[in-house]
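Novice: Just so it is clear, I am handing over model.pdb, which has PDB, C-alpha atoms.
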MODEL        1
ATOM      1  CA  MET K  67       7.428   2.505   0.819  1.00  0.00           C
ATOM      2  CA  LEU K  68       3.961   4.024   0.688  1.00  0.00           C
ATOM      3  CA  LYS K  69       3.889   7.776   0.450  1.00  0.00           C
ATOM      4  CA  LYS K  70       2.542   9.628   3.495  1.00  0.00           C
ATOM      5  CA  ARG K  71      -0.776  11.460   3.304  1.00  0.00           C
ATOM      6  CA  ILE K  72      -1.854  14.864   4.606  1.00  0.00           C
ATOM      7  CA  ILE K  73      -5.533  14.941   5.552  1.00  0.00           C
ATOM      8  CA  PRO K  74      -7.583  17.967   6.652  1.00  0.00           C
ATOM      9  CA  CYS K  75     -10.584  17.173   8.845  1.00  0.00           C
ATOM     10  CA  LEU K  76     -13.940  18.934   8.802  1.00  0.00           C
ATOM     11  CA  ASP K  77     -15.626  18.538  12.192  1.00  0.00           C
ATOM     12  CA  ILE K  78     -19.244  19.467  11.503  1.00  0.00           C
ATOM     13  CA  LYS K  79     -21.788  20.864  13.969  1.00  0.00           C
ATOM     14  CA  ASP K  80     -25.086  22.438  12.865  1.00  0.00           C
ATOM     15  CA  GLY K  81     -23.873  22.431   9.271  1.00  0.00           C
ATOM     16  CA  ARG K  82     -20.719  24.444  10.048  1.00  0.00           C
ATOM     17  CA  THR K  83     -17.075  23.461  10.441  1.00  0.00           C
ATOM     18  CA  VAL K  84     -15.997  23.758  14.081  1.00  0.00           C
ATOM     19  CA  LYS K  85     -12.909  23.048  16.177  1.00  0.00           C
ATOM     20  CA  GLY K  86     -12.325  22.622  19.886  1.00  0.00           C
ATOM     21  CA  VAL K  87      -9.551  21.838  22.361  1.00  0.00           C
ATOM     22  CA  ASN K  88      -9.560  18.434  24.106  1.00  0.00           C
ATOM     23  CA  PHE K  89     -13.016  17.852  22.552  1.00  0.00           C
ATOM     24  CA  VAL K  90     -14.535  20.945  24.261  1.00  0.00           C
ATOM     25  CA  ALA K  91     -14.449  24.765  23.809  1.00  0.00           C
ATOM     26  CA  ILE K  92     -15.909  24.464  20.295  1.00  0.00           C
ATOM     27  CA  ARG K  93     -15.622  27.472  17.969  1.00  0.00           C
ATOM     28  CA  ASP K  94     -16.703  28.155  14.396  1.00  0.00           C
ATOM     29  CA  ALA K  95     -14.146  27.495  11.645  1.00  0.00           C
ATOM     30  CA  GLY K  96     -16.071  28.292   8.486  1.00  0.00           C
ATOM     31  CA  ASP K  97     -18.234  26.942   5.701  1.00  0.00           C
ATOM     32  CA  PRO K  98     -17.474  23.244   5.057  1.00  0.00           C
ATOM     33  CA  ILE K  99     -18.095  23.387   1.303  1.00  0.00           C
ATOM     34  CA  GLU K 100     -15.749  26.344   0.812  1.00  0.00           C
ATOM     35  CA  LEU K 101     -13.098  24.729   3.025  1.00  0.00           C
ATOM     36  CA  ALA K 102     -13.381  21.442   1.108  1.00  0.00           C
ATOM     37  CA  LYS K 103     -12.887  23.231  -2.218  1.00  0.00           C
ATOM     38  CA  ARG K 104      -9.902  25.112  -0.804  1.00  0.00           C
ATOM     39  CA  TYR K 105      -8.237  21.915   0.387  1.00  0.00           C
ATOM     40  CA  VAL K 106      -8.567  20.317  -3.039  1.00  0.00           C
ATOM     41  CA  ARG K 107      -6.920  23.384  -4.607  1.00  0.00           C
ATOM     42  CA  GLU K 108      -4.120  23.252  -2.014  1.00  0.00           C
ATOM     43  CA  GLY K 109      -3.300  19.599  -2.679  1.00  0.00           C
ATOM     44  CA  ALA K 110      -4.794  17.715   0.267  1.00  0.00           C
ATOM     45  CA  ASP K 111      -4.518  13.965  -0.271  1.00  0.00           C
ATOM     46  CA  GLU K 112      -7.863  13.112   1.301  1.00  0.00           C
ATOM     47  CA  LEU K 113     -10.659  14.793   3.222  1.00  0.00           C
ATOM     48  CA  VAL K 114     -12.380  13.590   6.382  1.00  0.00           C
ATOM     49  CA  PHE K 115     -15.873  14.806   7.352  1.00  0.00           C
ATOM     50  CA  LEU K 116     -17.021  14.042  10.910  1.00  0.00           C
ATOM     51  CA  ASP K 117     -20.519  14.998  12.034  1.00  0.00           C
ATOM     52  CA  ILE K 118     -19.411  15.341  15.647  1.00  0.00           C
ATOM     53  CA  THR K 119     -22.825  15.618  17.300  1.00  0.00           C
ATOM     54  CA  ALA K 120     -24.773  13.042  15.257  1.00  0.00           C
ATOM     55  CA  THR K 121     -24.234  10.249  17.804  1.00  0.00           C
ATOM     56  CA  ILE K 122     -24.922  12.461  20.820  1.00  0.00           C
ATOM     57  CA  GLU K 123     -28.084  13.838  19.189  1.00  0.00           C
ATOM     58  CA  LYS K 124     -29.083  10.314  18.077  1.00  0.00           C
ATOM     59  CA  ARG K 125     -29.544  11.290  14.431  1.00  0.00           C
ATOM     60  CA  LYS K 126     -28.094  10.353  11.073  1.00  0.00           C
ATOM     61  CA  THR K 127     -25.166  12.010   9.298  1.00  0.00           C
ATOM     62  CA  LEU K 128     -25.947  15.140   7.287  1.00  0.00           C
ATOM     63  CA  SER K 129     -26.286  13.357   3.926  1.00  0.00           C
ATOM     64  CA  ASP K 130     -27.297  16.482   2.008  1.00  0.00           C
ATOM     65  CA  LEU K 131     -24.141  18.284   3.098  1.00  0.00           C
ATOM     66  CA  VAL K 132     -22.062  15.196   2.277  1.00  0.00           C
ATOM     67  CA  ARG K 133     -23.605  15.177  -1.224  1.00  0.00           C
ATOM     68  CA  LYS K 134     -22.817  18.871  -1.769  1.00  0.00           C
ATOM     69  CA  ILE K 135     -19.196  18.456  -0.675  1.00  0.00           C
ATOM     70  CA  ALA K 136     -18.715  15.289  -2.748  1.00  0.00           C
ATOM     71  CA  LYS K 137     -19.798  17.169  -5.874  1.00  0.00           C
ATOM     72  CA  GLU K 138     -17.054  19.755  -5.307  1.00  0.00           C
ATOM     73  CA  ILE K 139     -14.068  17.504  -4.640  1.00  0.00           C
ATOM     74  CA  ASN K 140     -12.052  14.880  -6.514  1.00  0.00           C
ATOM     75  CA  ILE K 141      -9.989  13.377  -3.684  1.00  0.00           C
ATOM     76  CA  PRO K 142     -10.851  10.413  -1.414  1.00  0.00           C
ATOM     77  CA  PHE K 143     -13.607  11.414   0.997  1.00  0.00           C
ATOM     78  CA  THR K 144     -14.219   9.761   4.380  1.00  0.00           C
ATOM     79  CA  VAL K 145     -17.456  10.465   6.240  1.00  0.00           C
ATOM     80  CA  GLY K 146     -18.354   9.632   9.837  1.00  0.00           C
ATOM     81  CA  GLY K 147     -20.865  10.477  12.538  1.00  0.00           C
ATOM     82  CA  GLY K 148     -24.154   8.745  13.253  1.00  0.00           C
ATOM     83  CA  ILE K 149     -23.398   5.665  11.128  1.00  0.00           C
ATOM     84  CA  ASN K 150     -24.991   2.869  13.143  1.00  0.00           C
ATOM     85  CA  SER K 151     -25.936   0.291  10.511  1.00  0.00           C
ATOM     86  CA  LEU K 152     -25.128  -1.043   7.063  1.00  0.00           C
ATOM     87  CA  LYS K 153     -28.076   0.998   5.787  1.00  0.00           C
ATOM     88  CA  ASP K 154     -26.524   4.193   7.189  1.00  0.00           C
ATOM     89  CA  ALA K 155     -23.197   3.330   5.555  1.00  0.00           C
ATOM     90  CA  LYS K 156     -24.919   2.744   2.207  1.00  0.00           C
ATOM     91  CA  ALA K 157     -26.662   6.111   2.441  1.00  0.00           C
ATOM     92  CA  VAL K 158     -23.388   7.938   3.042  1.00  0.00           C
ATOM     93  CA  ILE K 159     -21.597   6.114   0.211  1.00  0.00           C
ATOM     94  CA  GLN K 160     -24.522   6.823  -2.122  1.00  0.00           C
ATOM     95  CA  ALA K 161     -24.191  10.496  -1.136  1.00  0.00           C
ATOM     96  CA  GLY K 162     -20.598  10.451  -2.404  1.00  0.00           C
ATOM     97  CA  ALA K 163     -18.336   9.170   0.378  1.00  0.00           C
ATOM     98  CA  ASP K 164     -15.479   6.859  -0.614  1.00  0.00           C
ATOM     99  CA  LYS K 165     -15.044   5.533   2.925  1.00  0.00           C
ATOM    100  CA  VAL K 166     -17.143   5.474   6.077  1.00  0.00           C
ATOM    101  CA  SER K 167     -15.781   6.151   9.535  1.00  0.00           C
ATOM    102  CA  ILE K 168     -17.411   4.397  12.474  1.00  0.00           C
ATOM    103  CA  ASN K 169     -16.555   5.020  16.091  1.00  0.00           C
ATOM    104  CA  SER K 170     -19.133   4.626  18.883  1.00  0.00           C
ATOM    105  CA  ALA K 171     -21.250   2.213  16.812  1.00  0.00           C
ATOM    106  CA  ALA K 172     -18.242  -0.057  16.261  1.00  0.00           C
ATOM    107  CA  VAL K 173     -17.691  -0.304  20.018  1.00  0.00           C
ATOM    108  CA  THR K 174     -21.378  -1.025  20.653  1.00  0.00           C
ATOM    109  CA  ASN K 175     -21.666  -3.462  17.758  1.00  0.00           C
ATOM    110  CA  PRO K 176     -18.240  -4.707  16.587  1.00  0.00           C
ATOM    111  CA  HIS K 177     -19.914  -6.913  13.945  1.00  0.00           C
ATOM    112  CA  LEU K 178     -20.841  -3.719  12.089  1.00  0.00           C
ATOM    113  CA  ILE K 179     -17.190  -3.441  10.998  1.00  0.00           C
ATOM    114  CA  THR K 180     -17.386  -6.907   9.406  1.00  0.00           C
ATOM    115  CA  GLU K 181     -20.784  -6.179   7.891  1.00  0.00           C
ATOM    116  CA  ILE K 182     -19.709  -2.966   6.139  1.00  0.00           C
ATOM    117  CA  ALA K 183     -16.392  -4.520   5.036  1.00  0.00           C
ATOM    118  CA  GLY K 184     -18.313  -7.484   3.611  1.00  0.00           C
ATOM    119  CA  GLU K 185     -20.540  -5.197   1.568  1.00  0.00           C
ATOM    120  CA  PHE K 186     -18.038  -2.572   0.372  1.00  0.00           C
ATOM    121  CA  GLY K 187     -14.578  -4.015   1.105  1.00  0.00           C
ATOM    122  CA  SER K 188     -12.211  -3.316   3.985  1.00  0.00           C
ATOM    123  CA  GLN K 189     -10.750  -0.337   2.127  1.00  0.00           C
ATOM    124  CA  CYS K 190     -14.062   1.476   2.736  1.00  0.00           C
ATOM    125  CA  VAL K 191     -14.051   0.983   6.513  1.00  0.00           C
ATOM    126  CA  VAL K 192     -12.206   3.421   8.767  1.00  0.00           C
ATOM    127  CA  VAL K 193     -12.553   2.753  12.487  1.00  0.00           C
ATOM    128  CA  ALA K 194     -12.109   6.003  14.372  1.00  0.00           C
ATOM    129  CA  ILE K 195     -10.798   5.585  17.904  1.00  0.00           C
ATOM    130  CA  ASP K 196     -10.974   8.430  20.410  1.00  0.00           C
ATOM    131  CA  THR K 197      -8.533   7.608  23.164  1.00  0.00           C
ATOM    132  CA  LYS K 198      -7.407   9.230  26.373  1.00  0.00           C
ATOM    133  CA  PHE K 199      -4.482   8.588  28.692  1.00  0.00           C
ATOM    134  CA  GLU K 200      -5.537   8.614  32.321  1.00  0.00           C
ATOM    135  CA  ASN K 201      -4.855   6.425  35.339  1.00  0.00           C
ATOM    136  CA  ASP K 202      -1.719   5.131  33.572  1.00  0.00           C
ATOM    137  CA  ALA K 203      -3.640   3.652  30.629  1.00  0.00           C
ATOM    138  CA  TRP K 204      -4.855   4.557  27.138  1.00  0.00           C
ATOM    139  CA  THR K 205      -8.545   3.704  26.926  1.00  0.00           C
ATOM    140  CA  VAL K 206     -11.352   4.179  24.411  1.00  0.00           C
ATOM    141  CA  PHE K 207     -14.006   6.889  24.726  1.00  0.00           C
ATOM    142  CA  VAL K 208     -17.282   7.103  22.782  1.00  0.00           C
ATOM    143  CA  ASN K 209     -20.101   9.583  22.108  1.00  0.00           C
ATOM    144  CA  GLY K 210     -17.822  12.395  20.980  1.00  0.00           C
ATOM    145  CA  GLY K 211     -15.281  11.603  23.690  1.00  0.00           C
ATOM    146  CA  LYS K 212     -17.827  12.013  26.468  1.00  0.00           C
ATOM    147  CA  ILE K 213     -18.224   8.440  27.689  1.00  0.00           C
ATOM    148  CA  PRO K 214     -15.325   6.260  28.912  1.00  0.00           C
ATOM    149  CA  THR K 215     -15.612   2.575  27.999  1.00  0.00           C
ATOM    150  CA  GLY K 216     -12.705   1.176  29.990  1.00  0.00           C
ATOM    151  CA  ILE K 217     -11.613  -0.706  26.848  1.00  0.00           C
ATOM    152  CA  GLN K 218      -7.839  -0.825  26.355  1.00  0.00           C
ATOM    153  CA  THR K 219      -7.110   1.083  23.158  1.00  0.00           C
ATOM    154  CA  LEU K 220      -4.302  -1.169  21.954  1.00  0.00           C
ATOM    155  CA  GLU K 221      -6.495  -4.272  22.240  1.00  0.00           C
ATOM    156  CA  TRP K 222      -9.408  -2.543  20.518  1.00  0.00           C
ATOM    157  CA  ALA K 223      -7.178  -1.451  17.630  1.00  0.00           C
ATOM    158  CA  LYS K 224      -6.019  -5.042  17.098  1.00  0.00           C
ATOM    159  CA  GLN K 225      -9.604  -6.298  17.295  1.00  0.00           C
ATOM    160  CA  THR K 226     -10.852  -3.808  14.686  1.00  0.00           C
ATOM    161  CA  GLU K 227      -8.249  -5.102  12.240  1.00  0.00           C
ATOM    162  CA  MET K 228      -9.357  -8.706  12.813  1.00  0.00           C
ATOM    163  CA  LEU K 229     -12.985  -7.676  12.278  1.00  0.00           C
ATOM    164  CA  GLY K 230     -12.202  -6.200   8.856  1.00  0.00           C
ATOM    165  CA  ALA K 231     -11.280  -2.542   9.322  1.00  0.00           C
ATOM    166  CA  GLY K 232      -9.115  -1.215   6.507  1.00  0.00           C
ATOM    167  CA  GLU K 233      -7.755   1.757   8.408  1.00  0.00           C
ATOM    168  CA  ILE K 234      -7.662   3.267  11.904  1.00  0.00           C
ATOM    169  CA  LEU K 235      -8.105   6.963  12.639  1.00  0.00           C
ATOM    170  CA  LEU K 236      -6.558   7.397  16.079  1.00  0.00           C
ATOM    171  CA  THR K 237      -7.269  10.632  17.946  1.00  0.00           C
ATOM    172  CA  SER K 238      -5.505  11.378  21.214  1.00  0.00           C
ATOM    173  CA  MET K 239      -7.957  13.394  23.291  1.00  0.00           C
ATOM    174  CA  ASN K 240      -5.086  14.587  25.481  1.00  0.00           C
ATOM    175  CA  ASN K 241      -3.396  16.158  22.458  1.00  0.00           C
ATOM    176  CA  ASP K 242      -6.484  17.261  20.508  1.00  0.00           C
ATOM    177  CA  GLY K 243      -6.457  20.969  19.660  1.00  0.00           C
ATOM    178  CA  THR K 244      -3.482  21.701  21.919  1.00  0.00           C
ATOM    179  CA  LYS K 245      -1.018  22.252  19.019  1.00  0.00           C
ATOM    180  CA  ASN K 246       1.657  20.619  21.182  1.00  0.00           C
ATOM    181  CA  GLY K 247       2.343  17.701  18.854  1.00  0.00           C
ATOM    182  CA  PHE K 248       1.022  14.198  18.259  1.00  0.00           C
ATOM    183  CA  ALA K 249       1.005  11.374  20.840  1.00  0.00           C
ATOM    184  CA  ILE K 250       4.206   9.930  19.396  1.00  0.00           C
ATOM    185  CA  SER K 251       4.981   7.096  21.818  1.00  0.00           C
ATOM    186  CA  PHE K 252       1.456   5.714  21.771  1.00  0.00           C
ATOM    187  CA  LEU K 253       1.150   6.024  17.991  1.00  0.00           C
ATOM    188  CA  ASN K 254       4.338   3.989  17.862  1.00  0.00           C
ATOM    189  CA  GLU K 255       2.725   1.268  19.958  1.00  0.00           C
ATOM    190  CA  ILE K 256      -0.406   1.182  17.814  1.00  0.00           C
ATOM    191  CA  THR K 257       1.386   1.116  14.456  1.00  0.00           C
ATOM    192  CA  ARG K 258       3.616  -1.721  15.622  1.00  0.00           C
ATOM    193  CA  ALA K 259       0.600  -3.717  16.816  1.00  0.00           C
ATOM    194  CA  VAL K 260      -1.506  -3.577  13.640  1.00  0.00           C
ATOM    195  CA  ASN K 261      -0.862  -4.163   9.940  1.00  0.00           C
ATOM    196  CA  ILE K 262      -3.395  -1.696   8.552  1.00  0.00           C
ATOM    197  CA  PRO K 263      -2.776   2.016   7.926  1.00  0.00           C
ATOM    198  CA  VAL K 264      -3.087   4.325  10.925  1.00  0.00           C
ATOM    199  CA  ILE K 265      -3.987   8.002  10.624  1.00  0.00           C
ATOM    200  CA  ALA K 266      -2.522  10.161  13.408  1.00  0.00           C
ATOM    201  CA  SER K 267      -4.925  12.761  14.777  1.00  0.00           C
ATOM    202  CA  GLY K 268      -4.747  15.247  17.629  1.00  0.00           C
ATOM    203  CA  GLY K 269      -2.085  17.795  18.456  1.00  0.00           C
ATOM    204  CA  ALA K 270      -0.626  19.140  15.204  1.00  0.00           C
ATOM    205  CA  GLY K 271       0.587  22.695  15.707  1.00  0.00           C
ATOM    206  CA  THR K 272       3.738  23.150  13.627  1.00  0.00           C
ATOM    207  CA  ILE K 273       5.184  21.727  10.432  1.00  0.00           C
ATOM    208  CA  GLU K 274       7.850  20.055  12.572  1.00  0.00           C
ATOM    209  CA  HIS K 275       5.139  18.015  14.300  1.00  0.00           C
ATOM    210  CA  PHE K 276       4.339  16.356  10.966  1.00  0.00           C
ATOM    211  CA  LYS K 277       8.000  15.582  10.370  1.00  0.00           C
ATOM    212  CA  GLU K 278       8.229  14.078  13.853  1.00  0.00           C
ATOM    213  CA  VAL K 279       5.184  11.830  13.495  1.00  0.00           C
ATOM    214  CA  PHE K 280       6.313  10.543  10.100  1.00  0.00           C
ATOM    215  CA  GLU K 281       9.915   9.970  11.176  1.00  0.00           C
ATOM    216  CA  LYS K 282       9.285   8.509  14.616  1.00  0.00           C
ATOM    217  CA  THR K 283       6.211   6.333  13.950  1.00  0.00           C
ATOM    218  CA  LYS K 284       4.877   4.135  11.165  1.00  0.00           C
ATOM    219  CA  VAL K 285       1.672   6.144  10.648  1.00  0.00           C
ATOM    220  CA  SER K 286       0.463   6.317   7.053  1.00  0.00           C
ATOM    221  CA  ALA K 287      -1.146   9.729   7.330  1.00  0.00           C
ATOM    222  CA  ALA K 288      -1.451  12.761   9.581  1.00  0.00           C
ATOM    223  CA  LEU K 289      -4.736  14.566  10.069  1.00  0.00           C
ATOM    224  CA  ALA K 290      -5.245  18.110  11.300  1.00  0.00           C
ATOM    225  CA  ALA K 291      -8.015  20.657  11.466  1.00  0.00           C
ATOM    226  CA  SER K 292      -7.579  24.058  13.097  1.00  0.00           C
ATOM    227  CA  ILE K 293      -4.062  24.749  11.812  1.00  0.00           C
ATOM    228  CA  PHE K 294      -5.357  24.341   8.263  1.00  0.00           C
ATOM    229  CA  HIS K 295      -8.748  26.013   8.799  1.00  0.00           C
ATOM    230  CA  PHE K 296      -7.302  29.147  10.404  1.00  0.00           C
ATOM    231  CA  GLY K 297      -4.280  29.414   8.116  1.00  0.00           C
ATOM    232  CA  ASP K 298      -1.543  28.657  10.654  1.00  0.00           C
ATOM    233  CA  ILE K 299      -0.036  26.268   8.113  1.00  0.00           C
ATOM    234  CA  SER K 300      -0.927  25.822   4.449  1.00  0.00           C
ATOM    235  CA  ILE K 301      -0.847  22.383   2.859  1.00  0.00           C
ATOM    236  CA  PRO K 302       1.499  23.469   0.016  1.00  0.00           C
ATOM    237  CA  GLU K 303       3.911  24.932   2.590  1.00  0.00           C
ATOM    238  CA  LEU K 304       3.743  21.745   4.662  1.00  0.00           C
ATOM    239  CA  LYS K 305       4.337  19.451   1.693  1.00  0.00           C
ATOM    240  CA  THR K 306       7.258  21.541   0.437  1.00  0.00           C
ATOM    241  CA  TYR K 307       8.866  21.364   3.881  1.00  0.00           C
ATOM    242  CA  LEU K 308       8.376  17.588   4.206  1.00  0.00           C
ATOM    243  CA  LYS K 309       9.950  17.035   0.800  1.00  0.00           C
ATOM    244  CA  THR K 310      13.025  19.020   1.905  1.00  0.00           C
ATOM    245  CA  GLN K 311      13.198  16.688   4.918  1.00  0.00           C
ATOM    246  CA  LYS K 312      13.300  13.664   2.579  1.00  0.00           C
ATOM    247  CA  ILE K 313       9.894  12.438   3.735  1.00  0.00           C
ATOM    248  CA  SER K 314       8.044  10.643   0.942  1.00  0.00           C
ATOM    249  CA  ILE K 315       4.650  12.297   0.536  1.00  0.00           C
ATOM    250  CA  ARG K 316       2.032  12.321  -2.197  1.00  0.00           C
TER     251      ARG K 316
ENDMDL
END
Using the file provided, produce a representation of the structure as structure tokens.

Specialist:
Amino acid sequence: MLKKRIIPCLDIKDGRTVKGVNFVAIRDAGDPIELAKRYVREGADELVFLDITATIEKRKTLSDLVRKIAKEINIPFTVGGGINSLKDAKAVIQAGADKVSINSAAVTNPHLITEIAGEFGSQCVVVAIDTKFENDAWTVFVNGGKIPTGIQTLEWAKQTEMLGAGEILLTSMNNDGTKNGFAISFLNEITRAVNIPVIASGGAGTIEHFKEVFEKTKVSAALAASIFHFGDISIPELKTYLKTQKISIR
């Protein structure tokens, strides 16, 4: 069985790490380069960098900042935000990213998934899905969670796999930043429907939440932000606990 991964996420706005609740109420969480270095020291398995306003502001990802972070870390590095073309993906990979994360652009142009996978391999393509449960359905949202698409999330997840995605980063907007736990039942549905790794995102608040998501779903990794940034939980503490619970982690 593949070992589970613990992944901190750097949500970037104006060159700083930020964190909100339900995709709003954004507050500063520190310098991204210093946080990245800290997470390497603490034993994070991977790092995700999301330029959360690049799509809304219709600009490219902060390649200079990506380059600076990449120089300081030696763990797999996923970068997303404002990647709308194969050229954008190339620029981010040349800046030091190991994988690219596409979200809104994948919904607008699903062929982009196939195009990037064809150039760099499926293992380089992470499709990020921001999803919200309302009106008795989980549907996809784009533009930093601001625009509903009406697309059924389960169907979109299956389609991204067929198009060549190597991994799905699934964020429940209902759970995001609440620290009330992951969207367990829906993550279960998604992981049963696809054969590629799924990263659970949105809702981590306690070490028990990580145990729950790994024991009750087939997710390959769990991602969190504020609990790591603000020191609620340290990665060494989390990994030690999961090992005592007989959960196979890296």

Novice: Identify all residues satisfying the PyMOL selection byres ((chain K and resi 150) around 12) in the given file; provide them as a ChimeraX atom specification.

Specialist: /K:120-121,124-127,146-149,151-158,166-179,181-182

Novice: For this file, the PyMOL selection byres ((chain K and resi 252) around 10) selects which residues, as a list in words?

Specialist: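 Applying the expression gives Phe199, Trp204, Thr219, Leu220, Leu236, Ser238, Phe248, Ala249, Ile250, Ser251, Leu253, Asn254, Glu255, Ile256, Thr257, Arg258 and Thr283 of chain K.
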
Novice: Any chance you could export the current selection's C-alpha atoms as a PDB file, keeping the file's coordinate frame?

Specialist:
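Everything below was put into selection39.pdb:
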ATOM      1  CA  PHE K 199      -4.482   8.588  28.692  1.00  0.00           C
ATOM      2  CA  TRP K 204      -4.855   4.557  27.138  1.00  0.00           C
ATOM      3  CA  THR K 219      -7.110   1.083  23.158  1.00  0.00           C
ATOM      4  CA  LEU K 220      -4.302  -1.169  21.954  1.00  0.00           C
ATOM      5  CA  LEU K 236      -6.558   7.397  16.079  1.00  0.00           C
ATOM      6  CA  SER K 238      -5.505  11.378  21.214  1.00  0.00           C
ATOM      7  CA  PHE K 248       1.022  14.198  18.259  1.00  0.00           C
ATOM      8  CA  ALA K 249       1.005  11.374  20.840  1.00  0.00           C
ATOM      9  CA  ILE K 250       4.206   9.930  19.396  1.00  0.00           C
ATOM     10  CA  SER K 251       4.981   7.096  21.818  1.00  0.00           C
ATOM     11  CA  LEU K 253       1.150   6.024  17.991  1.00  0.00           C
ATOM     12  CA  ASN K 254       4.338   3.989  17.862  1.00  0.00           C
ATOM     13  CA  GLU K 255       2.725   1.268  19.958  1.00  0.00           C
ATOM     14  CA  ILE K 256      -0.406   1.182  17.814  1.00  0.00           C
ATOM     15  CA  THR K 257       1.386   1.116  14.456  1.00  0.00           C
ATOM     16  CA  ARG K 258       3.616  -1.721  15.622  1.00  0.00           C
ATOM     17  CA  THR K 283       6.211   6.333  13.950  1.00  0.00           C
TER      18      THR K 283
END

Novice: For the file shown, report as a PDB file with C-alpha atoms, keeping the file's coordinate frame the outcome of the PyMOL selection byres ((chain K and resi 138) around 9) at residue level.

Specialist:
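This went into selection-v9.pdb:
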ATOM      1  CA  ILE K  99     -18.095  23.387   1.303  1.00  0.00           C
ATOM      2  CA  ALA K 102     -13.381  21.442   1.108  1.00  0.00           C
ATOM      3  CA  LYS K 103     -12.887  23.231  -2.218  1.00  0.00           C
ATOM      4  CA  VAL K 106      -8.567  20.317  -3.039  1.00  0.00           C
ATOM      5  CA  ARG K 133     -23.605  15.177  -1.224  1.00  0.00           C
ATOM      6  CA  LYS K 134     -22.817  18.871  -1.769  1.00  0.00           C
ATOM      7  CA  ILE K 135     -19.196  18.456  -0.675  1.00  0.00           C
ATOM      8  CA  ALA K 136     -18.715  15.289  -2.748  1.00  0.00           C
ATOM      9  CA  LYS K 137     -19.798  17.169  -5.874  1.00  0.00           C
ATOM     10  CA  ILE K 139     -14.068  17.504  -4.640  1.00  0.00           C
ATOM     11  CA  ASN K 140     -12.052  14.880  -6.514  1.00  0.00           C
TER      12      ASN K 140
END

Novice: Under the rule that only C-alpha atoms are counted, which of K:Met228, K:Cys190, K:Ile195, K:Leu101 is the nearest residue to Thr215 (chain K)?

Specialist: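 The answer is K:Ile195, which sits nearest to Thr215 (chain K).
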
Novice: May I ask which of the residues K:Asp97, K:Asp117, K:Glu108, K:Asp242 is the closest one to Ile78 (chain K), counting all atoms listed in the file?

Specialist: K:Asp117

Novice: Report the distance between CA of Gly109 (chain K) and CA of Val191 (chain K) in Å, rounded to one decimal place.

Specialist: 23.4 Å

Novice: Take CA of Ser286 (chain K) and CA of Ser314 (chain K) and report the distance between them in Å, one decimal.

Specialist: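 Taking CA of Ser286 (chain K) as the start and CA of Ser314 (chain K) as the end point, the length is 10.7 Å.
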
Novice: Using all atoms listed in the file, find the one residue out of K:Val132, K:Ile273, K:Ile299, K:Asp196 that sits nearest to Ile213 (chain K).

Specialist: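 Residue with the minimum atom-to-atom distance to Ile213 (chain K): K:Asp196.
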
Novice: Identify which of the residues K:Ser300, K:Thr144, K:Gln189, K:Ser267 lies closest to Glu233 (chain K), counting only C-alpha atoms when measuring atom-to-atom distances.

Specialist: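 Going through K:Ser300, K:Thr144, K:Gln189, K:Ser267 one by one, the smallest distance to Glu233 (chain K) is for K:Gln189.
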
Novice: By how many Å are CA of Ala290 (chain K) and CA of Ala270 (chain K) apart?

Specialist: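 For CA of Ala290 (chain K) relative to CA of Ala270 (chain K), the distance reads 6.1 Å.
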
Novice: When you look at Arg71 (chain K) with a cut-off of 7 Å (counting only C-alpha atoms), what residues show up, excluding the ones that are within fewer than 2 positions of it in the same chain? I need them as a PDB file with C-alpha atoms, in the coordinates of the input.

Specialist:
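As a result, around_6.pdb now contains:
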ATOM      1  CA  LYS K  69       3.889   7.776   0.450  1.00  0.00           C
ATOM      2  CA  ILE K  73      -5.533  14.941   5.552  1.00  0.00           C
ATOM      3  CA  ASP K 111      -4.518  13.965  -0.271  1.00  0.00           C
ATOM      4  CA  SER K 286       0.463   6.317   7.053  1.00  0.00           C
ATOM      5  CA  ALA K 287      -1.146   9.729   7.330  1.00  0.00           C
ATOM      6  CA  ALA K 288      -1.451  12.761   9.581  1.00  0.00           C
ATOM      7  CA  ILE K 315       4.650  12.297   0.536  1.00  0.00           C
ATOM      8  CA  ARG K 316       2.032  12.321  -2.197  1.00  0.00           C
TER       9      ARG K 316
END

Novice: Tell me which of K:Trp222, K:Phe207, K:Phe186, K:Phe294 sits closest to Tyr105 (chain K), counting all atoms listed in the file.

Specialist: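 The closest residue to Tyr105 (chain K) is K:Phe294.
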
Novice: Using only C-alpha atoms, find all polymer residues with an atom at most 6 Å away from the point (-15.5, 13.4, 2.2); report them as a list in words.

Specialist: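 Those residues lying close to the given coordinates are Leu113, Val114, Phe115, Phe143, Thr144, Val145 and Ala163 of chain K.
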
Novice: Can those selected residues be exported to a file as an mmCIF file, in the frame of the given file so that it contains C-alpha atoms?

Specialist:
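Here's the written file out_36.cif:
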data_model
loop_
_atom_site.group_PDB
_atom_site.id
_atom_site.type_symbol
_atom_site.label_atom_id
_atom_site.label_comp_id
_atom_site.auth_asym_id
_atom_site.auth_seq_id
_atom_site.Cartn_x
_atom_site.Cartn_y
_atom_site.Cartn_z
ATOM 1 C CA LEU K 113 -10.659 14.793 3.222
ATOM 2 C CA VAL K 114 -12.380 13.590 6.382
ATOM 3 C CA PHE K 115 -15.873 14.806 7.352
ATOM 4 C CA PHE K 143 -13.607 11.414 0.997
ATOM 5 C CA THR K 144 -14.219 9.761 4.380
ATOM 6 C CA VAL K 145 -17.456 10.465 6.240
ATOM 7 C CA ALA K 163 -18.336 9.170 0.378
#

Novice: Nearest to Ser292 (chain K) among K:Lys312, K:Ala259, K:Ile234, K:Gly268, with distances taken over all atoms listed in the file: which residue is it?

Specialist: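 Of all the options, K:Gly268 lies closest to Ser292 (chain K).
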